[in-house]
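Okay, upload_15.csv now, which holds CSV, C-alpha atoms:
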chain,number,residue,atom,x,y,z
T,149,MET,CA,4.1,19.0,29.8
T,150,ILE,CA,2.4,18.4,33.1
T,151,PRO,CA,2.9,14.8,34.6
T,152,VAL,CA,-0.6,13.3,35.0
T,153,SER,CA,0.5,11.7,38.3
T,154,ASP,CA,1.2,15.1,39.8
T,155,LEU,CA,-2.4,16.4,39.4
T,156,PRO,CA,-4.1,17.6,42.6
T,157,ARG,CA,-6.4,14.9,44.0
T,158,THR,CA,-9.1,17.4,45.0
T,159,SER,CA,-12.8,16.5,45.0
T,160,ALA,CA,-15.3,18.3,43.0
T,161,GLY,CA,-16.2,21.7,44.3
T,162,PRO,CA,-18.3,24.7,43.2
T,163,ASP,CA,-15.9,25.5,40.4
T,164,THR,CA,-16.2,21.9,39.0
T,165,ALA,CA,-19.9,21.4,39.4
T,166,VAL,CA,-21.6,19.1,37.0
T,167,ASP,CA,-25.0,20.0,35.4
T,168,GLU,CA,-26.3,16.4,35.6
T,169,ASN,CA,-29.7,17.3,34.0
T,170,ARG,CA,-28.0,18.9,31.1
T,171,LEU,CA,-25.5,16.0,30.8
T,172,GLU,CA,-28.4,13.5,30.7
T,173,GLU,CA,-30.1,15.4,28.0
T,174,LEU,CA,-26.9,15.4,25.9
T,175,ILE,CA,-26.3,11.7,26.3
T,176,ILE,CA,-29.9,11.0,25.1
T,177,GLU,CA,-29.3,13.4,22.2
T,178,ALA,CA,-26.1,11.6,21.3
T,179,GLN,CA,-28.0,8.4,20.5
T,180,THR,CA,-29.6,10.0,17.4
T,181,ALA,CA,-26.9,12.6,16.6
T,182,LEU,CA,-25.5,12.4,13.1
T,183,PRO,CA,-21.7,11.9,12.9
T,184,PHE,CA,-21.1,15.4,11.6
T,185,GLU,CA,-22.9,16.8,14.7
T,186,LEU,CA,-20.4,15.1,17.1
T,187,PRO,CA,-17.9,18.1,17.3
T,188,ALA,CA,-20.6,20.5,18.6
T,189,LEU,CA,-22.0,17.8,20.9
T,190,ALA,CA,-18.5,17.2,22.4
T,191,ASN,CA,-18.3,20.9,23.3
T,192,ARG,CA,-21.7,20.9,24.9
T,193,CYS,CA,-20.8,17.7,26.9
T,194,ALA,CA,-17.5,19.3,28.0
T,195,SER,CA,-19.4,22.4,29.2
T,196,ALA,CA,-21.8,20.3,31.2
T,197,LEU,CA,-18.8,18.6,32.9
T,198,GLY,CA,-17.3,21.9,33.9
T,199,LEU,CA,-14.7,21.8,31.1
T,200,ASP,CA,-14.0,24.5,28.5
T,201,SER,CA,-14.2,22.5,25.2
T,202,ALA,CA,-13.4,19.2,23.5
T,203,LEU,CA,-12.2,18.3,20.0
T,204,ILE,CA,-12.3,14.8,18.4
T,205,TYR,CA,-9.4,13.6,16.2
T,206,LEU,CA,-9.6,10.3,14.3
T,207,VAL,CA,-6.5,8.5,13.0
T,208,ASP,CA,-6.2,8.2,9.2
T,209,LEU,CA,-6.1,4.9,7.4
T,210,GLN,CA,-2.3,4.6,7.5
T,211,GLN,CA,-2.0,5.8,11.1
T,212,ARG,CA,0.2,8.8,10.2
T,213,LEU,CA,-2.2,11.7,10.9
T,214,LEU,CA,-4.8,12.6,13.5
T,215,ILE,CA,-7.6,14.3,11.6
T,216,PRO,CA,-10.0,16.7,13.5
T,217,LEU,CA,-13.7,16.2,13.0
T,218,ASP,CA,-14.4,19.9,12.9
T,219,GLU,CA,-12.8,20.1,9.4
T,220,VAL,CA,-11.3,23.5,10.2
T,221,THR,CA,-8.4,22.6,12.5
T,222,GLU,CA,-5.2,21.2,10.9
T,223,PRO,CA,-4.4,17.5,11.3
T,224,LEU,CA,-1.6,16.5,13.7
T,225,PRO,CA,1.2,14.0,13.1
T,226,VAL,CA,1.0,10.8,15.0
T,227,ASP,CA,4.8,10.6,15.3
T,228,ARG,CA,5.6,14.2,16.4
T,229,SER,CA,2.9,15.7,18.6
T,230,PRO,CA,1.5,15.4,22.2
T,231,ALA,CA,-1.7,14.1,20.6
T,232,GLY,CA,0.3,11.4,18.7
T,233,TRP,CA,2.0,10.5,22.0
T,234,ALA,CA,-1.4,9.9,23.6
T,235,TYR,CA,-2.4,7.8,20.6
T,236,ARG,CA,0.8,5.8,20.4
T,237,THR,CA,1.0,4.9,24.1
T,238,VAL,CA,-2.7,4.8,24.9
T,239,SER,CA,-2.1,7.2,27.8
T,240,ALA,CA,-3.2,10.7,28.8
T,241,ARG,CA,-0.9,13.6,27.9
T,242,VAL,CA,-1.3,17.1,29.5
T,243,ALA,CA,0.2,20.1,27.7
T,244,GLU,CA,0.2,23.8,28.8
T,245,ALA,CA,-1.8,26.2,26.6
T,246,ASP,CA,-2.1,30.0,26.6
T,247,ASP,CA,-5.5,29.9,28.2
T,248,GLY,CA,-5.0,26.9,30.5
T,249,VAL,CA,-4.1,23.3,29.6
T,250,ILE,CA,-5.0,20.7,27.0
T,251,VAL,CA,-5.5,17.1,28.0
T,252,TRP,CA,-4.9,14.7,25.2
T,253,LEU,CA,-6.7,11.4,25.7
T,254,PRO,CA,-6.8,8.2,23.6
T,255,LEU,CA,-10.1,7.2,22.1
T,256,ILE,CA,-10.3,3.4,22.4
T,257,ASP,CA,-12.9,0.8,21.4
T,258,GLY,CA,-11.8,-2.2,23.4
T,259,ALA,CA,-8.3,-2.8,22.1
T,260,GLU,CA,-8.8,-0.7,19.0
T,261,ARG,CA,-7.2,2.8,18.8
T,262,LEU,CA,-9.6,5.2,17.1
T,263,GLY,CA,-7.9,8.6,17.7
T,264,VAL,CA,-7.6,11.1,20.5
T,265,LEU,CA,-9.8,13.7,22.3
T,266,ALA,CA,-8.4,17.1,23.1
T,267,VAL,CA,-10.0,18.6,26.2
T,268,ARG,CA,-9.3,22.3,27.1
T,269,THR,CA,-9.7,23.5,30.6
T,270,ALA,CA,-8.5,26.6,32.6
T,271,SER,CA,-6.9,24.4,35.2
T,272,LEU,CA,-6.7,20.7,36.0
T,273,ASN,CA,-7.3,18.7,39.1
T,274,GLY,CA,-8.3,15.1,39.8
T,275,ALA,CA,-12.0,15.8,39.3
T,276,ARG,CA,-11.5,17.4,35.9
T,277,MET,CA,-9.1,14.7,34.8
T,278,ARG,CA,-11.7,12.0,35.7
T,279,ARG,CA,-14.4,13.9,33.7
T,280,SER,CA,-12.1,14.2,30.7
T,281,ARG,CA,-11.6,10.5,30.7
T,282,MET,CA,-15.3,9.9,31.0
T,283,LEU,CA,-15.8,12.2,28.0
T,284,ALA,CA,-13.2,10.2,26.0
T,285,HIS,CA,-14.9,6.9,26.8
T,286,LEU,CA,-18.3,8.3,25.8
T,287,PHE,CA,-17.1,9.6,22.5
T,288,ALA,CA,-15.1,6.5,21.7
T,289,MET,CA,-18.4,4.5,22.1
T,290,LEU,CA,-20.3,7.0,20.0
T,291,ILE,CA,-17.8,7.0,17.2
T,292,THR,CA,-17.7,3.2,17.2
T,293,SER,CA,-21.5,3.0,17.0
T,294,LYS,CA,-21.8,5.6,14.2
T,295,ARG,CA,-18.9,4.8,11.9
T,296,ALA,CA,-20.4,1.5,10.8
T,297,TYR,CA,-23.0,3.5,8.8
T,298,SER,CA,-21.2,6.8,8.1
T,299,ASP,CA,-19.5,7.4,4.8
T,300,TRP,CA,-18.5,10.8,6.1
T,301,LEU,CA,-16.4,9.4,8.9
T,302,ALA,CA,-14.8,6.9,6.5
T,303,GLY,CA,-14.0,9.6,3.9
T,304,LEU,CA,-12.6,11.9,6.5
T,305,THR,CA,-9.9,9.5,7.5
T,306,ARG,CA,-8.6,9.0,3.9
T,307,THR,CA,-5.8,10.9,2.4
T,308,ALA,CA,-5.9,9.4,-1.1
T,309,THR,CA,-8.4,8.0,-3.6
T,310,MET,CA,-9.3,4.3,-2.9
T,311,ARG,CA,-9.5,1.8,-5.8
T,312,LEU,CA,-12.7,-0.1,-6.2
T,313,PRO,CA,-11.2,-3.6,-5.4
T,314,THR,CA,-9.8,-2.1,-2.2
T,315,GLU,CA,-13.1,-0.5,-1.3
T,316,MET,CA,-14.8,-3.9,-1.6
T,317,LEU,CA,-12.2,-5.8,0.4
T,318,ARG,CA,-12.0,-3.2,3.2
T,319,ALA,CA,-15.8,-3.5,3.7
T,320,PHE,CA,-15.1,-7.1,5.0
T,321,LEU,CA,-12.1,-6.2,7.3
T,322,PRO,CA,-12.6,-6.2,11.0
T,323,PRO,CA,-11.0,-3.6,13.3
T,324,HIS,CA,-7.2,-3.5,13.3
T,325,THR,CA,-7.1,-4.8,16.9
T,326,VAL,CA,-9.4,-7.1,18.9
T,327,GLY,CA,-8.9,-8.9,22.2
T,328,SER,CA,-9.7,-9.6,25.8
T,329,SER,CA,-7.9,-9.7,29.1
T,330,ARG,CA,-6.3,-13.0,28.0
T,331,CYS,CA,-5.3,-12.4,24.4
T,332,VAL,CA,-4.9,-9.6,21.8
T,333,SER,CA,-4.7,-9.7,18.0
T,334,THR,CA,-3.7,-6.8,15.8
T,335,ALA,CA,-3.2,-6.5,12.1
T,336,VAL,CA,-2.2,-4.1,9.3
T,337,LEU,CA,-2.6,-4.1,5.6
T,338,GLU,CA,-0.7,-2.1,2.9
T,339,PRO,CA,-0.8,-0.5,0.4
T,340,ALA,CA,-3.8,1.0,2.1
T,341,TYR,CA,-5.6,2.4,-1.0
T,342,THR,CA,-4.7,-0.1,-3.7
T,343,VAL,CA,-4.6,-3.5,-2.0
T,344,ALA,CA,-6.6,-6.2,-3.7
T,345,GLY,CA,-5.8,-9.8,-2.8
T,346,ASP,CA,-4.6,-9.8,0.8
T,347,ALA,CA,-6.8,-9.7,3.9
T,348,TYR,CA,-6.9,-10.6,7.6
T,349,ASP,CA,-9.6,-11.6,10.0
T,350,HIS,CA,-9.7,-12.0,13.7
T,351,SER,CA,-12.6,-12.7,16.1
T,352,VAL,CA,-13.2,-13.6,19.7
T,353,VAL,CA,-15.8,-16.3,20.5
T,354,LYS,CA,-16.1,-16.6,24.2
T,355,ASN,CA,-12.6,-17.7,25.3
T,356,VAL,CA,-11.4,-18.6,21.8
T,357,LEU,CA,-9.5,-16.3,19.4
T,358,HIS,CA,-9.9,-17.1,15.7
T,359,THR,CA,-7.3,-15.5,13.3
T,360,MET,CA,-6.8,-15.8,9.6
T,361,ILE,CA,-4.6,-14.3,6.9
T,362,LEU,CA,-5.3,-14.7,3.2
T,363,ASP,CA,-3.4,-14.0,-0.1
T,364,SER,CA,-5.4,-14.4,-3.3
T,365,MET,CA,-3.7,-14.6,-6.6
T,366,GLY,CA,-3.7,-11.3,-8.7
T,367,HIS,CA,-4.3,-7.7,-8.0
T,368,ASP,CA,-7.6,-7.0,-9.6
T,369,LEU,CA,-11.3,-7.0,-8.7
T,370,ILE,CA,-11.4,-10.8,-9.0
T,371,ALA,CA,-8.6,-11.2,-6.5
T,372,GLY,CA,-10.5,-9.0,-4.0
T,373,LEU,CA,-13.7,-11.0,-4.7
T,374,THR,CA,-11.9,-14.3,-4.1
T,375,THR,CA,-10.7,-13.1,-0.7
T,376,SER,CA,-14.1,-11.6,0.2
T,377,VAL,CA,-15.8,-14.9,-0.6
T,378,ALA,CA,-13.2,-16.8,1.5
T,379,MET,CA,-13.7,-14.4,4.5
T,380,ALA,CA,-17.5,-14.7,4.3
T,381,ALA,CA,-17.4,-18.5,4.1
T,382,ALA,CA,-15.0,-18.7,7.1
T,383,ARG,CA,-17.3,-16.4,9.2
T,384,ASN,CA,-20.4,-18.3,8.2
T,385,ALA,CA,-18.8,-21.6,9.5
T,386,ARG,CA,-17.5,-20.0,12.7
T,387,ARG,CA,-20.9,-18.4,13.5
T,388,GLY,CA,-22.5,-21.8,12.9
T,389,GLY,CA,-20.3,-23.3,15.6
T,390,GLY,CA,-17.9,-25.1,13.3
T,391,ASP,CA,-14.4,-26.1,14.3
T,392,LEU,CA,-11.2,-25.3,12.4
T,393,VAL,CA,-11.7,-28.2,10.0
T,394,ASP,CA,-15.3,-27.0,9.3
T,395,VAL,CA,-14.0,-23.4,8.7
T,396,VAL,CA,-11.3,-24.4,6.2
T,397,GLY,CA,-13.7,-26.9,4.5
T,398,SER,CA,-16.3,-24.2,4.1
T,399,VAL,CA,-13.9,-21.8,2.4
T,400,ASP,CA,-12.7,-24.6,0.1
T,401,GLN,CA,-16.2,-25.5,-0.9
T,402,ALA,CA,-17.3,-21.8,-1.4
T,403,LEU,CA,-14.4,-21.0,-3.7
T,404,ALA,CA,-14.7,-24.2,-5.6
T,405,GLN,CA,-18.4,-23.6,-6.1
T,406,TRP,CA,-18.5,-19.9,-6.9
T,407,LEU,CA,-15.0,-19.1,-8.2
T,408,PRO,CA,-13.7,-22.4,-9.5
T,409,ASP,CA,-10.8,-20.9,-11.4
T,410,HIS,CA,-9.5,-18.9,-8.4
T,411,PHE,CA,-7.8,-19.9,-5.2
T,412,CYS,CA,-5.8,-18.3,-2.3
T,413,THR,CA,-3.2,-19.3,0.2
T,414,GLY,CA,-3.7,-18.7,3.9
T,415,VAL,CA,-3.2,-19.7,7.5
T,416,LEU,CA,-6.2,-20.1,9.9
T,417,CYS,CA,-5.6,-20.4,13.6
T,418,ARG,CA,-7.7,-21.1,16.7
T,419,LEU,CA,-6.3,-20.2,20.2
T,420,ASP,CA,-8.0,-21.3,23.4
T,421,ALA,CA,-7.2,-18.3,25.5
T,422,VAL,CA,-7.8,-20.3,28.8
T,423,THR,CA,-5.4,-23.2,28.1
T,424,GLY,CA,-3.1,-21.7,25.5
T,425,VAL,CA,-3.8,-24.6,23.1
T,426,LEU,CA,-3.1,-23.3,19.5
T,427,GLN,CA,-4.5,-25.1,16.4
T,428,TRP,CA,-3.7,-24.0,12.9
T,429,VAL,CA,-4.0,-25.1,9.3
T,430,ASN,CA,-1.5,-23.8,6.7
T,431,CYS,CA,-2.8,-23.8,3.1
T,432,GLY,CA,0.2,-23.2,0.9
T,433,HIS,CA,1.2,-20.1,2.9
T,434,PRO,CA,4.4,-18.9,4.6
T,435,PRO,CA,4.4,-20.7,8.0
T,436,PRO,CA,3.5,-18.9,11.2
T,437,LEU,CA,6.4,-17.7,13.4
T,438,LEU,CA,6.5,-18.2,17.2
T,439,ILE,CA,8.1,-15.4,19.2
T,440,ARG,CA,9.0,-16.4,22.8
T,441,ALA,CA,11.2,-14.5,25.3
T,442,LYS,CA,12.2,-11.9,22.7
T,443,ARG,CA,13.4,-14.4,20.1
T,444,VAL,CA,12.0,-16.3,17.1
T,445,LEU,CA,11.9,-20.0,17.6
T,446,ASP,CA,12.9,-21.2,14.2
T,447,GLY,CA,10.8,-23.8,12.6
T,448,VAL,CA,8.6,-24.5,15.6
T,449,LEU,CA,5.4,-24.0,13.7
T,450,ASP,CA,6.7,-25.3,10.3
T,451,ARG,CA,4.7,-28.3,8.9
T,452,PRO,CA,4.6,-30.0,5.6
T,453,PRO,CA,2.7,-27.7,3.1
T,454,GLN,CA,-0.9,-28.3,2.2
T,455,PRO,CA,-2.6,-27.2,-1.0
T,456,PRO,CA,-4.0,-23.7,-1.3
T,457,ILE,CA,-7.7,-23.0,-0.5
T,458,GLY,CA,-10.3,-23.4,-3.2
T,459,LEU,CA,-8.8,-26.0,-5.4
T,460,ALA,CA,-11.5,-27.9,-7.2
T,461,GLY,CA,-11.8,-31.5,-8.5
T,462,GLN,CA,-8.8,-33.8,-8.3
T,463,LEU,CA,-6.6,-31.0,-7.0
T,464,ALA,CA,-8.7,-30.5,-3.9
T,465,PRO,CA,-7.2,-32.1,-0.7
T,466,ALA,CA,-9.2,-35.1,0.7
T,467,VAL,CA,-8.8,-33.7,4.2
T,468,ARG,CA,-7.1,-30.8,5.9
T,469,GLU,CA,-4.6,-31.6,8.6
T,470,VAL,CA,-4.9,-29.5,11.8
T,471,HIS,CA,-1.7,-29.0,13.7
T,472,GLU,CA,-1.6,-28.3,17.5
T,473,THR,CA,0.8,-27.0,20.1
T,474,THR,CA,0.5,-25.3,23.5
T,475,LEU,CA,1.7,-21.8,23.9
T,476,GLU,CA,3.5,-20.3,27.0
T,477,PRO,CA,2.2,-17.1,28.6
T,478,GLY,CA,3.5,-14.1,26.7
T,479,ASP,CA,4.1,-16.1,23.4
T,480,CYS,CA,3.3,-14.2,20.2
T,481,VAL,CA,2.4,-15.8,16.9
T,482,LEU,CA,3.1,-13.9,13.7
T,483,LEU,CA,1.3,-14.4,10.4
T,484,TYR,CA,2.3,-12.5,7.2
T,485,THR,CA,2.1,-12.5,3.4
T,486,ASP,CA,5.1,-12.7,1.2
T,487,GLY,CA,4.8,-9.1,0.2
T,488,VAL,CA,6.2,-8.2,3.6
T,489,VAL,CA,9.6,-9.8,3.3
T,490,GLU,CA,9.9,-9.4,-0.5
T,491,ALA,CA,9.8,-5.6,-0.4
T,492,ARG,CA,13.0,-4.4,-2.1
T,493,ASP,CA,15.1,-1.2,-1.8
T,494,ALA,CA,16.5,0.8,-4.6
T,495,ASP,CA,19.4,-1.7,-5.0
T,496,GLY,CA,17.1,-4.7,-5.2
T,497,ALA,CA,17.9,-6.0,-1.7
T,498,GLU,CA,14.9,-7.7,0.0
T,499,PHE,CA,13.6,-6.4,3.4
T,500,GLY,CA,13.9,-10.1,4.4
T,501,LEU,CA,12.6,-12.3,7.2
T,502,ASP,CA,15.4,-11.5,9.6
T,503,ARG,CA,14.9,-7.8,9.4
T,504,PHE,CA,11.2,-8.3,9.7
T,505,THR,CA,11.3,-10.4,12.9
T,506,GLU,CA,14.2,-8.3,14.4
T,507,PHE,CA,12.1,-5.2,14.1
T,508,ILE,CA,9.2,-6.8,15.9
T,509,ILE,CA,11.3,-8.2,18.7
T,510,ARG,CA,13.2,-4.9,19.2
T,511,SER,CA,10.1,-2.8,19.2
T,512,SER,CA,8.3,-5.1,21.6
T,513,ALA,CA,11.3,-5.2,23.9
T,514,ALA,CA,11.2,-1.4,24.0
T,515,GLY,CA,7.7,-1.6,25.5
T,516,GLN,CA,5.7,-0.8,22.4
T,517,LEU,CA,2.1,-2.1,22.3
T,518,PRO,CA,1.5,-4.8,19.7
T,519,ALA,CA,-0.6,-2.4,17.6
T,520,GLU,CA,2.1,0.2,17.7
T,521,VAL,CA,4.7,-2.3,16.8
T,522,LEU,CA,2.9,-3.2,13.6
T,523,ARG,CA,2.2,0.5,12.8
T,524,LEU,CA,5.9,1.3,13.0
T,525,LEU,CA,6.8,-1.9,11.0
T,526,THR,CA,4.5,-1.1,8.1
T,527,HIS,CA,5.9,2.4,7.9
T,528,ALA,CA,9.4,1.0,7.9
T,529,ILE,CA,8.5,-1.5,5.0
T,530,LEU,CA,7.0,1.4,3.0
T,531,ASP,CA,10.0,3.6,3.6
T,532,TYR,CA,12.3,0.7,2.6
T,533,GLN,CA,10.5,0.4,-0.8
T,534,ARG,CA,10.1,4.2,-1.2
T,535,ASN,CA,6.3,3.9,-0.6
T,536,GLN,CA,5.8,1.8,-3.7
T,537,LEU,CA,5.1,-1.8,-2.7
T,538,ARG,CA,5.3,-4.3,-5.5
T,539,ASP,CA,2.9,-6.7,-3.7
T,540,ASP,CA,0.3,-6.5,-1.0
T,541,ALA,CA,1.8,-6.7,2.5
T,542,THR,CA,-0.3,-8.0,5.4
T,543,ILE,CA,0.8,-8.7,9.0
T,544,LEU,CA,-1.2,-10.2,11.9
T,545,LEU,CA,0.3,-10.6,15.4
T,546,PHE,CA,-1.5,-12.2,18.3
T,547,GLU,CA,-0.4,-12.7,21.9
T,548,TRP,CA,-1.5,-15.1,24.6
T,549,ARG,CA,-1.2,-13.3,28.0
T,550,PRO,CA,-3.3,-15.1,30.6
T,551,GLN,CA,-1.1,-13.4,33.3
T,552,TYR,CA,-2.9,-10.1,32.6
T,553,ARG,CA,-6.3,-11.5,33.6
Re-express the file's structure as structure tokens.
Amino acid sequence: MIPVSDLPRTSAGPDTAVDENRLEELIIEAQTALPFELPALANRCASALGLDSALIYLVDLQQRLLIPLDEVTEPLPVDRSPAGWAYRTVSARVAEADDGVIVWLPLIDGAERLGVLAVRTASLNGARMRRSRMLAHLFAMLITSKRAYSDWLAGLTRTATMRLPTEMLRAFLPPHTVGSSRCVSTAVLEPAYTVAGDAYDHSVVKNVLHTMILDSMGHDLIAGLTTSVAMAAARNARRGGGDLVDVVGSVDQALAQWLPDHFCTGVLCRLDAVTGVLQWVNCGHPPPLLIRAKRVLDGVLDRPPQPPIGLAGQLAPAVREVHETTLEPGDCVLLYTDGVVEARDADGAEFGLDRFTEFIIRSSAAGQLPAEVLRLLTHAILDYQRNQLRDDATILLFEWRPQYR
């Protein structure tokens, strides 16, 4: 490996000249390029930047493999490769190769990790490194813009057949990670290909972070439909300018009207990323957990339980109670479904809340990014239950970090 900090800080010379006209043509071409044309386009852009070649890898649905877009090269493991190191740490990694070097660069959409870009070049200096980063930024944006309508990209990152209820539910899910300079929210959901009733949502509206976790009863298409209706109703209220009471009320009304025999539990939160004021409503769900200074503050966010969402008639609550507290910089709030802590090993022992929170605290203290903490945690839960979860397991972690502004 070649330390990135040791690269020569030379300016561009004749050997690193950029064909600006050609590069402009390629950027214009990229706007209408089909997703399967991106591998060839990446190579042509690399050539225009004075580099040898570039290859795009996207992470698979469970974040275990980095899958090349050229469909010829073998996938790479996230946990045991220089490419995976770049993905896990969101940092550049340089490796020696027979014909020069390979620069592994993370592909990032805001706070969301998409995969990595492998750039080959005969030699590396400061100018070529900057151009490699530019190339990674360009193709991260291209992939983000095109994957919204590309079944090819979606199919490429799957390693198993997806059930219909899961297909429907995943169409509603936002990216794994969203955020700004003041806050970040990241989430994971398992089992990746057979989940039905669990879901998460997070959205940033100006300086406000909205988060939500849901758990519908059952594991069939109706469970997925219940969750999907709940998510649509919440977004409809948010986008109409509603506050937290309006959002919960909208979900209650939508489920009572369209699916009167079905309901879900959930926690909905609203974080003011300027002041740190956190509001939340807990509808029959495990209470949120507050992590501060590398420890869980037991019971700080516990409140008397309220009924689940979507109850009709006399069972419906007259009004939802909104709770409020003020976070401290660096605080993390953890939302989860019961399938996380109720996972059992071969002897029937539960994964448990203590093991769950200890894993998060230990990984965070080791310097892992929030998205990487949850990736490792879901793999640990799956391994604990021999990759056969008895219930859906969803985790959402958000952090208030105004000091990073």
Give me, as CSV, the closest atom pair and its distance (Å, one decimal) for every residue of segment 347-418 of chain T within a cut-off of 8 Å of segment 312-319 of chain T, counting all atoms listed in the file, rows sorted by chain and rising number.
residue,atom,partner,partner_atom,distance
T:Ala347,CA,T:Leu317,CA,7.5
T:Asp368,CA,T:Pro313,CA,6.5
T:Leu369,CA,T:Pro313,CA,4.7
T:Gly372,CA,T:Pro313,CA,5.6
T:Leu373,CA,T:Leu317,CA,7.4
T:Thr375,CA,T:Leu317,CA,7.5
T:Ser376,CA,T:Leu317,CA,6.1
Near Glu490 of chain T, counting only C-alpha atoms, which residues have an atom at most 12 Å away, once you skip same-chain residues fewer than 3 positions from it, shown as a list in words? Tyr484, Thr485, Asp486, Gly487, Asp493, Gly496, Ala497, Glu498, Phe499, Gly500, Leu501, Asp502, Arg503, Phe504, Ile529, Leu530, Tyr532, Gln533, Leu537, Arg538, Asp539, Asp540, Ala541 and Thr542 of chain T
Practice prompt. For atom CA of Arg534 of chain T and atom CA of Ala371 of chain T, determine how far apart the two atoms are, in Å to one decimal place.
Written response: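 Computing it gives 24.8 Å between the two atoms.
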### Message
For Ile215 of chain T, find every residue with an atom within 12 Å (counting only C-alpha atoms), except residues of its own chain fewer than 4 positions away, and show them as number ranges by chain.
### Response
T: 203-211, 219-226, 231-232, 262-266, 301-307
- Message: Need to verify the contact set: Glu547 of chain T, 8 Å, only C-alpha atoms, exclusion of same-chain residues closer than 6 positions in sequence. Can you return it as JSON, numbers by chain?
- Response: {"T": [331, 332, 333, 478, 479, 480, 481]}
Å distance separating atom CA of Ala190 of chain T from atom CA of Ala284 of chain T, one decimal place: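 Separation between atom CA of Ala190 of chain T and atom CA of Ala284 of chain T: 9.5 Å.
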(request) Do a neighbour search on Gly198 of chain T at 12 Å with only C-alpha atoms, toss out local chain neighbours closer than 3 positions, and write the hits as a PyMOL selection string. (result) chain T and resi 160-168+170-171+191-195+201-202+267-273+275-280+283
| query | Which neighbours of Ile176 of chain T fall inside 12 Å, counting all atoms listed in the file, when residues of the same chain fewer than 3 positions from it are skipped, and could you give them as a list in words? | reply | Asn169, Arg170, Leu171, Glu172, Glu173, Gln179, Thr180, Ala181, Leu189, Cys193, Leu286 and Leu290 of chain T
Using only C-alpha atoms, the shortest atom-to-atom distance to Arg330 of chain T among T:Ile361, T:Leu419, T:Ala234, T:Ile543 belongs to T:Leu419
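Nearest to Leu463 of chain T of all the residues T:Ala513, T:Ala404, T:Ile439, T:Leu416 is T:Ala404, counting all atoms listed in the file.
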One residue among T:Leu174, T:Val488, T:Val470, T:Asp495 is nearest to Val336 of chain T when using all atoms listed in the file, and that residue is T:Val488
message: Please report the interatomic distance between atom CA of Phe184 of chain T and atom CA of Leu217 of chain T in Å with one decimal.
response: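 Atom CA of Leu217 of chain T lies at a distance of 7.6 Å from atom CA of Phe184 of chain T.
Among the candidates T:Arg295, T:Pro453, T:Trp406, T:Leu522, the residue lying nearest to Pro465 of chain T is T:Pro453 (atoms considered: only C-alpha atoms).
With distances taken over all atoms listed in the file, T:Val489 is the one residue among T:Met365, T:Leu445, T:Ala494, T:Val489 lying closest to Leu525 of chain T.
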**OP:** Name the closest residue to Val396 of chain T among the candidates T:Ala441, T:Leu357, T:Val467, T:Ala308; distances are taken between atoms, counting all atoms listed in the file.
**Re:**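 Under the stated criterion, the closest residue is T:Val467.
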